[in-house]
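A quick write-up on the structure given underneath.
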Amino acid sequence: MRPSTHHARSARGLLGALLTSLVSLAALLTTASVAQADTSICQPFGTTTIQGRYVVQNNRWGTSAAQCITATDSGFRITQADGSVPTNGAPKSYPSVYNGCHYTNCSPGTNLPAQLSTIATAPSSISYSYVNDAVYDAAYDIWLDPTPRTDGVNRTEIMIWFNRVGSIQPIGSPVGNANVGGRDWQVWSGNNGSNDVLSFVAPSAVPSWSFDVMDFARQAVSRGLAQNSWYLTSVQAGFEPWQNGAGLAVTSFSSAVNTGSSGGDPGNPGGSTSCKVAYATNVWPGGFTADLTVTNTGSSPVNGWQLAFALPSGQRITNSWNASLSSSSGAVTASNVSHNGQIAAGGQVTFGFQGTVDGTFAKPADFSLNGNACTTV
């Protein structure tokens with residue numbers, strides 16, 4: 001709030017001066033009320049707290065051009081976003097709201113970092129407001145590290161691209177598609193020189209969504225980019241602008257991390273996942289089919305599953321049933337579809353695929369369910 005200076009110019013008498021002062025006072029009180037509700041941040045790394053539990057950060061790290069955001073009670077909006085940077089490089093900034101710890105700044109009352117094996121669920125909700133006269137992505141970041149660090153860069157970054165506008169793309173290269181949280185995503189994998197990056201790109205803009213962060217953490221585990229002994233250090237939602245960006249907003253954000261007893265894992269909170277996989281095949285020259293039966297041999301149900309395995313060299317999947325597959329060759333993650341997401345204790349789920357084979361046929365060497373090794377029968 002800028003201070004106001006008022007000058008009495010005459011001659012209108014005491015009443016006029018008094019009325020003028022009252023009007024000025026009312027204006028100041030109104031401005032103070034607005035400033036208290038909405039906090040403007042223009043410092044490159046300025047932050048504030050909303051709802052007493054989340055941190056909003058300007059995080060202007062990739063440009064010297066001005067950027068300002070206004071923190072609201074439920075999120076933030078970008079009010080100024082000057083300048084642009086080349087779209088084949090890093091973005092200008094990552095204004096965002098987060099739960100957890102970012103470069104030693106931890107949100108009030110957070111229980112992060114938390115070991116993945118102790119997290120039962122991590123429900124989160126996000127709503128975005130988009131603009132078209134900018135180049136940007138709307139990204140939800142999930143940070144994982146082998147240690148419970150609260151400073152610096154973590155080992156693995158998971159990005160969920162809810163929207164992208166312009167000729168930009170994630171770090172690395174596309175590695176297939178996956179169904180996560182009941183939605184289909186294009187999956188990219190790479191490294192930015194500091195950490196591994198696993199990105200899930202929506203085929204069209206998603207304005208809002210409620211989901212479980214652990215569904216994406218399990219993907220990182222199943223793809224060898226994290227382990228259940230690693231830690232979730234923060235979750236963040238915001239925008240990466242390359243050009244302009246004023247008007248973009250996170251209109252609402254919520255995040256919780258529900259931990260269970262130690263010794264569990266993300267797929268089976270409170271207990272260890274036990275599983276076995278039967279891999280039945282029918283092979284002919286140049287082709288094959290595979291029918292997989294996954295049995296939950298544990299004492300608790302598995303809610304949401306991903307079975308990871310590696311196809312031997314020369315094999316390529318051409319179609320599948322009862323599962324969503326992340327790729328057609330090499331490292332494959334099979335994820336549940338809408339009708340078979342739960343495997344009851346002692347229960348089974350089946351899926352399969354058809355493929356081509358060049359050379360001698362062989363079966364995958366091993367399988368893991370939600371990051372935990374299974375026995376093969």
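Chain labels A, B, ... are given in the sequence in which chains occur in the structure tokens; within each chain residues are numbered consecutively from 1, and ligands are likewise numbered from 1 in the order shown.
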Checklist line | DSSP helix (DSSP H, G or I) residues within region 171-328 of chain A, as a list of chain:residue names | finding: A:Val213, A:Met214, A:Asp215, A:Phe216, A:Ala217, A:Arg218, A:Gln219, A:Ala220, A:Val221, A:Ser222
For N, CA, C and O atoms, I'd like the residues from the last selection saved as a compact mmCIF listing (two decimals), in the first residue's frame.
# COMPACT_ATOMS: atom_id res chain seq x y z
N VAL A 213 -1.08 -38.31 -5.05
CA VAL A 213 0.30 -38.11 -5.47
C VAL A 213 1.06 -39.42 -5.53
O VAL A 213 1.95 -39.62 -6.36
N MET A 214 0.70 -40.37 -4.67
CA MET A 214 1.41 -41.64 -4.62
C MET A 214 1.25 -42.46 -5.89
O MET A 214 2.09 -43.31 -6.19
N ASP A 215 0.18 -42.23 -6.66
CA ASP A 215 0.05 -42.92 -7.94
C ASP A 215 1.22 -42.59 -8.85
O ASP A 215 1.71 -43.45 -9.60
N PHE A 216 1.69 -41.36 -8.81
CA PHE A 216 2.81 -40.95 -9.64
C PHE A 216 4.14 -41.35 -9.00
O PHE A 216 5.09 -41.70 -9.72
N ALA A 217 4.23 -41.33 -7.68
CA ALA A 217 5.44 -41.80 -7.02
C ALA A 217 5.69 -43.27 -7.34
O ALA A 217 6.84 -43.70 -7.56
N ARG A 218 4.62 -44.06 -7.39
CA ARG A 218 4.77 -45.47 -7.73
C ARG A 218 5.30 -45.64 -9.15
O ARG A 218 6.04 -46.59 -9.45
N GLN A 219 4.89 -44.75 -10.04
CA GLN A 219 5.41 -44.81 -11.41
C GLN A 219 6.92 -44.62 -11.43
O GLN A 219 7.64 -45.32 -12.14
N ALA A 220 7.41 -43.67 -10.64
CA ALA A 220 8.85 -43.45 -10.59
C ALA A 220 9.58 -44.66 -10.03
O ALA A 220 10.64 -45.05 -10.52
N VAL A 221 8.97 -45.29 -9.00
CA VAL A 221 9.57 -46.48 -8.42
C VAL A 221 9.60 -47.61 -9.45
O VAL A 221 10.62 -48.28 -9.64
N SER A 222 8.49 -47.83 -10.12
CA SER A 222 8.41 -48.94 -11.07
C SER A 222 9.33 -48.76 -12.27
O SER A 222 9.73 -49.73 -12.90
Next item on the list: Give me the residues within 12 Å of Ile343 (chain A) as number ranges by chain, counting only C-alpha atoms and dropping any in the same chain fewer than 5 places off.
Entry: A: 267-268, 273-275, 293-306, 336, 348-350, 369
Notebook entry, point to check: Near Val332 (chain A), counting only C-alpha atoms, which residues have an atom at most 8 Å away, once you skip same-chain residues fewer than 4 positions from it, shown as number ranges by chain?
Noted result: A: 308-311, 325-328
Item checked: Spatial neighbours of Thr49 (chain A), max dist 10 Å, only C-alpha atoms, sep filter under 2 positions, as number ranges by chain -> A: 39, 47, 51-57, 71-73, 75, 97-98, 107-108
Export of the given selection (C-alpha atoms) as a PDB file, in the first residue's frame:
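And here's result_4.pdb as it stands now:
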ATOM      1  CA  THR A  39      -0.254 -10.159  -0.840  1.00  0.00           C
ATOM      2  CA  THR A  47       7.431 -15.992  -0.439  1.00  0.00           C
ATOM      3  CA  GLN A  51      -4.082 -20.862   4.908  1.00  0.00           C
ATOM      4  CA  GLY A  52      -1.404 -21.155   7.583  1.00  0.00           C
ATOM      5  CA  ARG A  53      -0.029 -24.276   5.896  1.00  0.00           C
ATOM      6  CA  TYR A  54       1.158 -23.646   2.302  1.00  0.00           C
ATOM      7  CA  VAL A  55       3.955 -21.485   0.921  1.00  0.00           C
ATOM      8  CA  VAL A  56       3.480 -19.335  -2.209  1.00  0.00           C
ATOM      9  CA  GLN A  57       6.730 -18.452  -3.990  1.00  0.00           C
ATOM     10  CA  ALA A  71      -1.040 -14.576  -3.250  1.00  0.00           C
ATOM     11  CA  THR A  72      -4.710 -15.158  -2.447  1.00  0.00           C
ATOM     12  CA  ASP A  73      -6.251 -17.161   0.346  1.00  0.00           C
ATOM     13  CA  GLY A  75      -3.694 -19.837  -4.355  1.00  0.00           C
ATOM     14  CA  VAL A  97       2.361 -22.985  -4.130  1.00  0.00           C
ATOM     15  CA  TYR A  98       3.691 -25.933  -2.168  1.00  0.00           C
ATOM     16  CA  SER A 107       5.600 -24.970   4.906  1.00  0.00           C
ATOM     17  CA  PRO A 108       4.025 -24.596   8.385  1.00  0.00           C
TER      18      PRO A 108
END
Sorted by chain and rising residue number, list the residues of region 238-337 of chain A at most 7 Å from region 123-135 of chain A (counting only C-alpha atoms), each with its closest atom pair and distance in Å to one decimal, as CSV.
residue,atom,partner,partner_atom,distance
A:Pro241,CA,A:Val135,CA,5.9
A:Trp242,CA,A:Val135,CA,5.4
A:Gln243,CA,A:Val135,CA,4.9
A:Asn244,CA,A:Ala134,CA,5.0
A:Gly245,CA,A:Ala134,CA,5.3
A:Gly247,CA,A:Val131,CA,6.5
A:Leu248,CA,A:Tyr130,CA,5.3
A:Ala249,CA,A:Ser129,CA,5.0
A:Val250,CA,A:Tyr128,CA,4.6
A:Thr251,CA,A:Ser127,CA,5.5
A:Ser252,CA,A:Ser127,CA,5.2
A:Phe253,CA,A:Ile126,CA,4.7
A:Ser254,CA,A:Ser125,CA,5.2
A:Ser255,CA,A:Ser124,CA,4.4
A:Ala256,CA,A:Pro123,CA,5.6
A:Val257,CA,A:Pro123,CA,6.8
May I have the selected residues written with N, CA and C atoms, as a compact mmCIF listing (two decimals), in the first residue's frame?
# COMPACT_ATOMS: atom_id res chain seq x y z
N PRO A 241 6.52 -20.29 -17.21
CA PRO A 241 6.32 -19.46 -18.39
C PRO A 241 7.64 -19.23 -19.15
N TRP A 242 7.54 -19.25 -20.48
CA TRP A 242 8.66 -18.86 -21.35
C TRP A 242 8.43 -17.46 -21.92
N GLN A 243 7.18 -17.17 -22.24
CA GLN A 243 6.82 -15.85 -22.78
C GLN A 243 5.56 -15.36 -22.10
N ASN A 244 5.59 -14.13 -21.60
CA ASN A 244 4.46 -13.51 -20.93
C ASN A 244 3.99 -14.37 -19.75
N GLY A 245 2.69 -14.46 -19.51
CA GLY A 245 2.18 -15.28 -18.41
C GLY A 245 1.26 -14.55 -17.46
N GLY A 247 -1.88 -13.22 -15.79
CA GLY A 247 -3.25 -13.73 -15.78
C GLY A 247 -3.35 -15.19 -15.42
N LEU A 248 -2.26 -15.94 -15.54
CA LEU A 248 -2.27 -17.34 -15.11
C LEU A 248 -2.50 -17.40 -13.60
N ALA A 249 -3.25 -18.41 -13.16
CA ALA A 249 -3.56 -18.48 -11.73
C ALA A 249 -3.78 -19.91 -11.27
N VAL A 250 -3.33 -20.18 -10.06
CA VAL A 250 -3.77 -21.36 -9.31
C VAL A 250 -4.91 -20.87 -8.43
N THR A 251 -6.12 -21.30 -8.76
CA THR A 251 -7.28 -20.78 -8.03
C THR A 251 -7.56 -21.55 -6.75
N SER A 252 -7.08 -22.78 -6.64
CA SER A 252 -7.20 -23.52 -5.38
C SER A 252 -6.15 -24.61 -5.34
N PHE A 253 -5.70 -24.94 -4.13
CA PHE A 253 -4.67 -25.96 -3.94
C PHE A 253 -4.86 -26.58 -2.57
N SER A 254 -4.76 -27.90 -2.51
CA SER A 254 -4.73 -28.59 -1.22
C SER A 254 -3.81 -29.78 -1.33
N SER A 255 -3.19 -30.13 -0.22
CA SER A 255 -2.26 -31.26 -0.20
C SER A 255 -2.21 -31.82 1.21
N ALA A 256 -2.27 -33.13 1.31
CA ALA A 256 -2.12 -33.83 2.58
C ALA A 256 -1.29 -35.08 2.36
N VAL A 257 -0.59 -35.51 3.38
CA VAL A 257 0.21 -36.73 3.32
C VAL A 257 -0.17 -37.58 4.52
Note to self: With DSSP run on the backbone, what are the strand (DSSP E) residues within region 209-269 of chain A? I'd like them as a PyMOL selection string.
What the structure shows: chain A and resi 209-212+231-243+249-255+258-259
Item checked: For region 351-360 of chain A: contacts at 8 Å, only C-alpha atoms, fewer than 3 positions along chain excluded, given as an NGL selection string -> :A and (285-293 or 314-323)
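For the pair CA of Ile160 (chain A) and CA of Ile142 (chain A), the separation is 8.3 Å.
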Check: Please, what distance in Å, to one decimal, runs between CA of Ile78 (chain A) and CA of Pro95 (chain A)?
Finding: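 Rounded to one decimal, the two atoms are 7.9 Å apart.
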Next item on the list: Check the smallest atom-to-atom distance from each of A:Thr156, A:Ser74, A:Ser117, A:Asn195 to Arg223 (chain A) using only C-alpha atoms, then report the winner.
Entry: A:Thr156
